[in-house]
Structure formats: structure tokens, C-alpha cells
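Quick look at structure-v7.pdb (PDB, C-alpha atoms, pLDDT in the B column):
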```
ATOM      1  CA  MET A   1     -21.383   4.794  -7.542  1.00 48.00           C
ATOM      2  CA  LEU A   2     -20.112   4.938 -11.093  1.00 49.00           C
ATOM      3  CA  ALA A   3     -21.415   8.489 -11.407  1.00 49.00           C
ATOM      4  CA  ALA A   4     -19.444   9.463  -8.288  1.00 49.00           C
ATOM      5  CA  GLY A   5     -16.213   8.223  -9.831  1.00 52.00           C
ATOM      6  CA  ILE A   6     -15.813   4.838  -8.107  1.00 51.00           C
ATOM      7  CA  GLN A   7     -15.002   2.684 -11.101  1.00 55.00           C
ATOM      8  CA  THR A   8     -12.659  -0.026  -9.879  1.00 57.00           C
ATOM      9  CA  PRO A   9     -14.387  -3.382  -9.370  1.00 57.00           C
ATOM     10  CA  VAL A  10     -13.119  -4.227  -5.872  1.00 56.00           C
ATOM     11  CA  PRO A  11     -14.576  -1.181  -4.068  1.00 60.00           C
ATOM     12  CA  LEU A  12     -17.815  -1.513  -6.027  1.00 62.00           C
ATOM     13  CA  GLU A  13     -18.152  -5.197  -5.142  1.00 71.00           C
ATOM     14  CA  GLU A  14     -17.377  -4.498  -1.495  1.00 72.00           C
ATOM     15  CA  LEU A  15     -19.908  -1.675  -1.309  1.00 70.00           C
ATOM     16  CA  GLU A  16     -22.538  -3.759  -3.048  1.00 72.00           C
ATOM     17  CA  SER A  17     -21.928  -6.615  -0.617  1.00 77.00           C
ATOM     18  CA  HIS A  18     -22.321  -4.319   2.399  1.00 73.00           C
ATOM     19  CA  LEU A  19     -25.427  -2.745   0.888  1.00 76.00           C
ATOM     20  CA  ARG A  20     -27.034  -6.155   0.270  1.00 81.00           C
ATOM     21  CA  GLU A  21     -26.216  -7.297   3.824  1.00 83.00           C
ATOM     22  CA  GLU A  22     -27.776  -4.168   5.337  1.00 81.00           C
ATOM     23  CA  ILE A  23     -30.926  -4.562   3.220  1.00 84.00           C
ATOM     24  CA  GLU A  24     -31.212  -8.254   4.096  1.00 87.00           C
ATOM     25  CA  LYS A  25     -30.937  -7.530   7.847  1.00 86.00           C
ATOM     26  CA  SER A  26     -33.567  -4.820   7.659  1.00 86.00           C
ATOM     27  CA  VAL A  27     -36.007  -6.909   5.588  1.00 89.00           C
ATOM     28  CA  LYS A  28     -35.634  -9.823   8.042  1.00 91.00           C
ATOM     29  CA  SER A  29     -36.539  -7.466  10.877  1.00 89.00           C
ATOM     30  CA  GLY A  30     -39.806  -6.629   9.093  1.00 90.00           C
ATOM     31  CA  MET A  31     -38.982  -3.509   7.091  1.00 87.00           C
ATOM     32  CA  SER A  32     -40.079  -3.057   3.478  1.00 87.00           C
ATOM     33  CA  GLU A  33     -37.420  -3.469   0.800  1.00 84.00           C
ATOM     34  CA  GLN A  34     -37.678   0.179  -0.290  1.00 83.00           C
ATOM     35  CA  ASN A  35     -37.210   1.526   3.225  1.00 85.00           C
ATOM     36  CA  ALA A  36     -34.446  -1.003   3.877  1.00 83.00           C
ATOM     37  CA  PHE A  37     -32.641   0.197   0.746  1.00 81.00           C
ATOM     38  CA  LYS A  38     -32.942   3.879   1.709  1.00 79.00           C
ATOM     39  CA  ILE A  39     -31.641   3.262   5.216  1.00 81.00           C
ATOM     40  CA  ALA A  40     -28.779   1.064   3.956  1.00 76.00           C
ATOM     41  CA  VAL A  41     -27.693   3.786   1.520  1.00 73.00           C
ATOM     42  CA  GLN A  42     -27.761   6.369   4.306  1.00 76.00           C
ATOM     43  CA  ARG A  43     -25.667   4.140   6.575  1.00 73.00           C
ATOM     44  CA  ILE A  44     -23.035   3.448   3.946  1.00 71.00           C
ATOM     45  CA  GLY A  45     -22.654   7.095   2.978  1.00 66.00           C
ATOM     46  CA  GLN A  46     -22.655   9.456   0.025  1.00 65.00           C
ATOM     47  CA  PRO A  47     -20.878   8.278  -3.158  1.00 65.00           C
ATOM     48  CA  LYS A  48     -18.634  11.364  -3.425  1.00 65.00           C
ATOM     49  CA  ILE A  49     -17.382  10.939   0.150  1.00 65.00           C
ATOM     50  CA  LEU A  50     -16.812   7.226  -0.408  1.00 64.00           C
ATOM     51  CA  ASP A  51     -14.863   7.979  -3.586  1.00 66.00           C
ATOM     52  CA  ILE A  52     -12.577  10.374  -1.682  1.00 68.00           C
ATOM     53  CA  GLU A  53     -11.935   7.762   1.006  1.00 65.00           C
ATOM     54  CA  PHE A  54     -11.153   5.039  -1.544  1.00 66.00           C
ATOM     55  CA  LYS A  55      -8.722   7.365  -3.337  1.00 69.00           C
ATOM     56  CA  LYS A  56      -6.959   8.080  -0.023  1.00 70.00           C
ATOM     57  CA  SER A  57      -6.475   4.376   0.616  1.00 68.00           C
ATOM     58  CA  GLU A  58      -5.252   3.807  -2.958  1.00 70.00           C
ATOM     59  CA  ARG A  59      -2.680   6.632  -2.588  1.00 75.00           C
ATOM     60  CA  THR A  60      -1.457   5.172   0.690  1.00 78.00           C
ATOM     61  CA  PHE A  61      -1.095   1.746  -0.905  1.00 79.00           C
ATOM     62  CA  MET A  62       0.801   3.152  -3.895  1.00 82.00           C
ATOM     63  CA  ARG A  63       3.103   5.204  -1.644  1.00 83.00           C
ATOM     64  CA  ARG A  64       3.907   2.175   0.511  1.00 85.00           C
ATOM     65  CA  THR A  65       4.516   0.052  -2.577  1.00 87.00           C
ATOM     66  CA  LEU A  66       6.888   2.666  -3.999  1.00 89.00           C
ATOM     67  CA  ILE A  67       8.787   2.893  -0.697  1.00 89.00           C
ATOM     68  CA  ILE A  68       9.160  -0.887  -0.555  1.00 90.00           C
ATOM     69  CA  LEU A  69      10.337  -1.063  -4.186  1.00 92.00           C
ATOM     70  CA  LEU A  70      12.905   1.707  -3.708  1.00 92.00           C
ATOM     71  CA  GLY A  71      14.178   0.075  -0.530  1.00 92.00           C
ATOM     72  CA  SER A  72      14.430  -3.297  -2.282  1.00 94.00           C
ATOM     73  CA  PHE A  73      16.407  -1.710  -5.096  1.00 94.00           C
ATOM     74  CA  ALA A  74      18.813  -0.180  -2.571  1.00 94.00           C
ATOM     75  CA  VAL A  75      19.213  -3.532  -0.793  1.00 93.00           C
ATOM     76  CA  LEU A  76      20.194  -5.092  -4.130  1.00 93.00           C
ATOM     77  CA  PHE A  77      22.289  -2.150  -5.354  1.00 94.00           C
ATOM     78  CA  GLY A  78      24.314  -1.738  -2.133  1.00 93.00           C
ATOM     79  CA  PRO A  79      26.041  -5.136  -2.364  1.00 93.00           C
ATOM     80  CA  ALA A  80      26.692  -4.486  -6.062  1.00 93.00           C
ATOM     81  CA  VAL A  81      28.810  -1.547  -4.887  1.00 91.00           C
ATOM     82  CA  PHE A  82      30.697  -3.079  -1.970  1.00 88.00           C
ATOM     83  CA  LEU A  83      31.185  -6.701  -3.091  1.00 91.00           C
ATOM     84  CA  PRO A  84      33.455  -5.841  -6.051  1.00 90.00           C
ATOM     85  CA  ALA A  85      35.570  -3.664  -3.724  1.00 87.00           C
ATOM     86  CA  LEU A  86      35.767  -6.515  -1.235  1.00 88.00           C
ATOM     87  CA  ALA A  87      36.786  -8.931  -3.990  1.00 88.00           C
ATOM     88  CA  LEU A  88      39.441  -6.466  -5.188  1.00 86.00           C
ATOM     89  CA  HIS A  89      40.842  -6.286  -1.669  1.00 85.00           C
ATOM     90  CA  ASN A  90      40.769 -10.065  -1.106  1.00 86.00           C
ATOM     91  CA  HIS A  91      42.201 -11.180  -4.462  1.00 84.00           C
ATOM     92  CA  GLN A  92      44.626  -8.404  -5.349  1.00 83.00           C
ATOM     93  CA  GLY A  93      45.469  -7.036  -1.912  1.00 79.00           C
ATOM     94  CA  VAL A  94      44.375  -3.538  -2.863  1.00 77.00           C
ATOM     95  CA  SER A  95      43.658  -1.303   0.138  1.00 78.00           C
ATOM     96  CA  GLY A  96      43.116   2.333   0.947  1.00 82.00           C
ATOM     97  CA  SER A  97      40.421   4.645  -0.322  1.00 81.00           C
ATOM     98  CA  ARG A  98      40.053   2.617  -3.519  1.00 82.00           C
ATOM     99  CA  VAL A  99      38.471  -0.143  -1.434  1.00 86.00           C
ATOM    100  CA  VAL A 100      37.226   1.544   1.733  1.00 88.00           C
ATOM    101  CA  VAL A 101      35.050   4.200   0.077  1.00 90.00           C
ATOM    102  CA  PRO A 102      33.060   1.813  -2.176  1.00 90.00           C
ATOM    103  CA  MET A 103      32.638  -0.617   0.714  1.00 90.00           C
ATOM    104  CA  ALA A 104      31.386   2.105   3.051  1.00 92.00           C
ATOM    105  CA  VAL A 105      29.050   3.563   0.415  1.00 93.00           C
ATOM    106  CA  GLY A 106      27.686   0.108  -0.463  1.00 93.00           C
ATOM    107  CA  ILE A 107      27.070  -0.797   3.162  1.00 93.00           C
ATOM    108  CA  ILE A 108      25.340   2.532   3.820  1.00 95.00           C
ATOM    109  CA  ILE A 109      23.122   2.100   0.736  1.00 94.00           C
ATOM    110  CA  THR A 110      22.230  -1.434   1.854  1.00 94.00           C
ATOM    111  CA  LEU A 111      21.366  -0.339   5.392  1.00 94.00           C
ATOM    112  CA  ILE A 112      19.268   2.582   4.160  1.00 94.00           C
ATOM    113  CA  GLY A 113      17.465   0.258   1.741  1.00 93.00           C
ATOM    114  CA  PHE A 114      16.822  -2.331   4.434  1.00 93.00           C
ATOM    115  CA  SER A 115      15.438   0.246   6.850  1.00 93.00           C
ATOM    116  CA  THR A 116      13.262   1.695   4.052  1.00 91.00           C
ATOM    117  CA  VAL A 117      11.808  -1.732   3.282  1.00 90.00           C
ATOM    118  CA  VAL A 118      11.088  -2.346   6.969  1.00 90.00           C
ATOM    119  CA  PHE A 119       9.480   1.095   7.201  1.00 87.00           C
ATOM    120  CA  GLY A 120       7.345   0.326   4.138  1.00 85.00           C
ATOM    121  CA  PHE A 121       6.100  -2.980   5.551  1.00 85.00           C
ATOM    122  CA  LYS A 122       5.519  -1.633   9.036  1.00 81.00           C
ATOM    123  CA  LYS A 123       1.801  -1.341   9.680  1.00 63.00           C
ATOM    124  CA  ARG A 124       0.799   2.063  10.910  1.00 57.00           C
ATOM    125  CA  LYS A 125      -2.394   2.894  12.724  1.00 50.00           C
ATOM    126  CA  ALA A 126      -4.653   5.313  10.884  1.00 46.00           C
TER     127      ALA A 126
END
```
Would you encode the structure as C-alpha cells?
Amino acid sequence: MLAAGIQTPVPLEELESHLREEIEKSVKSGMSEQNAFKIAVQRIGQPKILDIEFKKSERTFMRRTLIILLGSFAVLFGPAVFLPALALHNHQGVSGSRVVVPMAVGIIITLIGFSTVVFGFKKRKA
């Protein structure tokens, strides 16, 4: 597996666990260890193909994490835009575009961020 490029410990441990389980089942059913190993390797698949599949899942995870982080930033940044404008309006009585525009922009940023976070956490079927 290392030669095929799978170098992270979690996929290697998972593959090894599945391989050992397959061999154990086959040996218990009366097969020799060598034949059990060969069949288990065939069932699990070729290392290059497995490496490609693991990389796909890692990319998906990283993309979802990035989407969630960007959405979280927007959820935090949006109120930082509209709350000062709201405070300016409440304490000094300022109105007009000096208050309305930052409030609208801040609310829009917050809503976009919230929907992005929800989208990032939403589980999609493969």
C-alpha cells in the first residue's frame, strides 16, 4: 500500500483491519492462509485504485471543511458590519444611507454565511 501512495495511517489501518478480517473468515472456513490472503487482496482491490478513492474522499472532506469555515467567517463578519450601524442609529439617531447600507450588507453577508454553513454540513448522497 505504501508503494501505491497510501501513506496516511488511518486508511492503512482500516485496510489492514479489513484484510485481516477477510483472511480470518476464510481460514475459519477451511482455506489455507496463503489462499485466504490472495482472495482477501483480490476482494479489497488494487492499491492504485484504492489510493485514488482515498484521495477523492480526502478532497471532498477538505472542500466541505473550507466551505464551513468560509461560511462561519461570514456569519461572524456580517454582524461586525451591521451592529455598529445599528448602534449608530440607536445612540446618535443617524439615519439614511449611512445606516441602511451597512445594515443591509451585514445582514446579507450573515445570511449567505449561514446558508453556506448549512450547505457544508448537509450530508449528500454519493
Pick from A:Gly93, A:Pro79, A:Gly30, A:Gly71 nearest to A:Gly106, counting only C-alpha atoms: A:Pro79
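Excluding stretch 85-88 of chain A itself and same-chain residues fewer than 2 positions from it, the residues having an atom within 10 Å of it are Pro79, Ala80, Val81, Phe82, Leu83, Asn90, His91, Gln92, Gly93, Val94, Ser95, Arg98, Val99, Val100, Val101, Pro102, Met103, Ala104 and Gly106 of chain A, counting all atoms listed in the file.
We find atom CA of A:Arg63 and atom CA of A:Lys122 to be spaced 12.9 Å apart.
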Point (9.8, -4.4, 0.8) neighbourhood (10 Å, all atoms listed in the file) written as a list in words: Arg64, Thr65, Leu66, Ile67, Ile68, Leu69, Leu70, Gly71, Ser72, Phe73, Val75, Gly113, Phe114, Ser115, Thr116, Val117, Val118, Phe119, Gly120, Phe121 and Lys122 of chain A
Evaluate the PyMOL selection byres ((chain A and resi 22) around 10) and report residues as a PyMOL selection string: chain A and resi 16-21+23-27+36-37+39-41+43-44
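Rounded to one decimal, atom CA of A:Pro84 and atom CA of A:Val105 lie 12.2 Å from each other.
Atom to atom, atom CA of A:Ile109 and atom CA of A:Met62 stand 22.8 Å apart.
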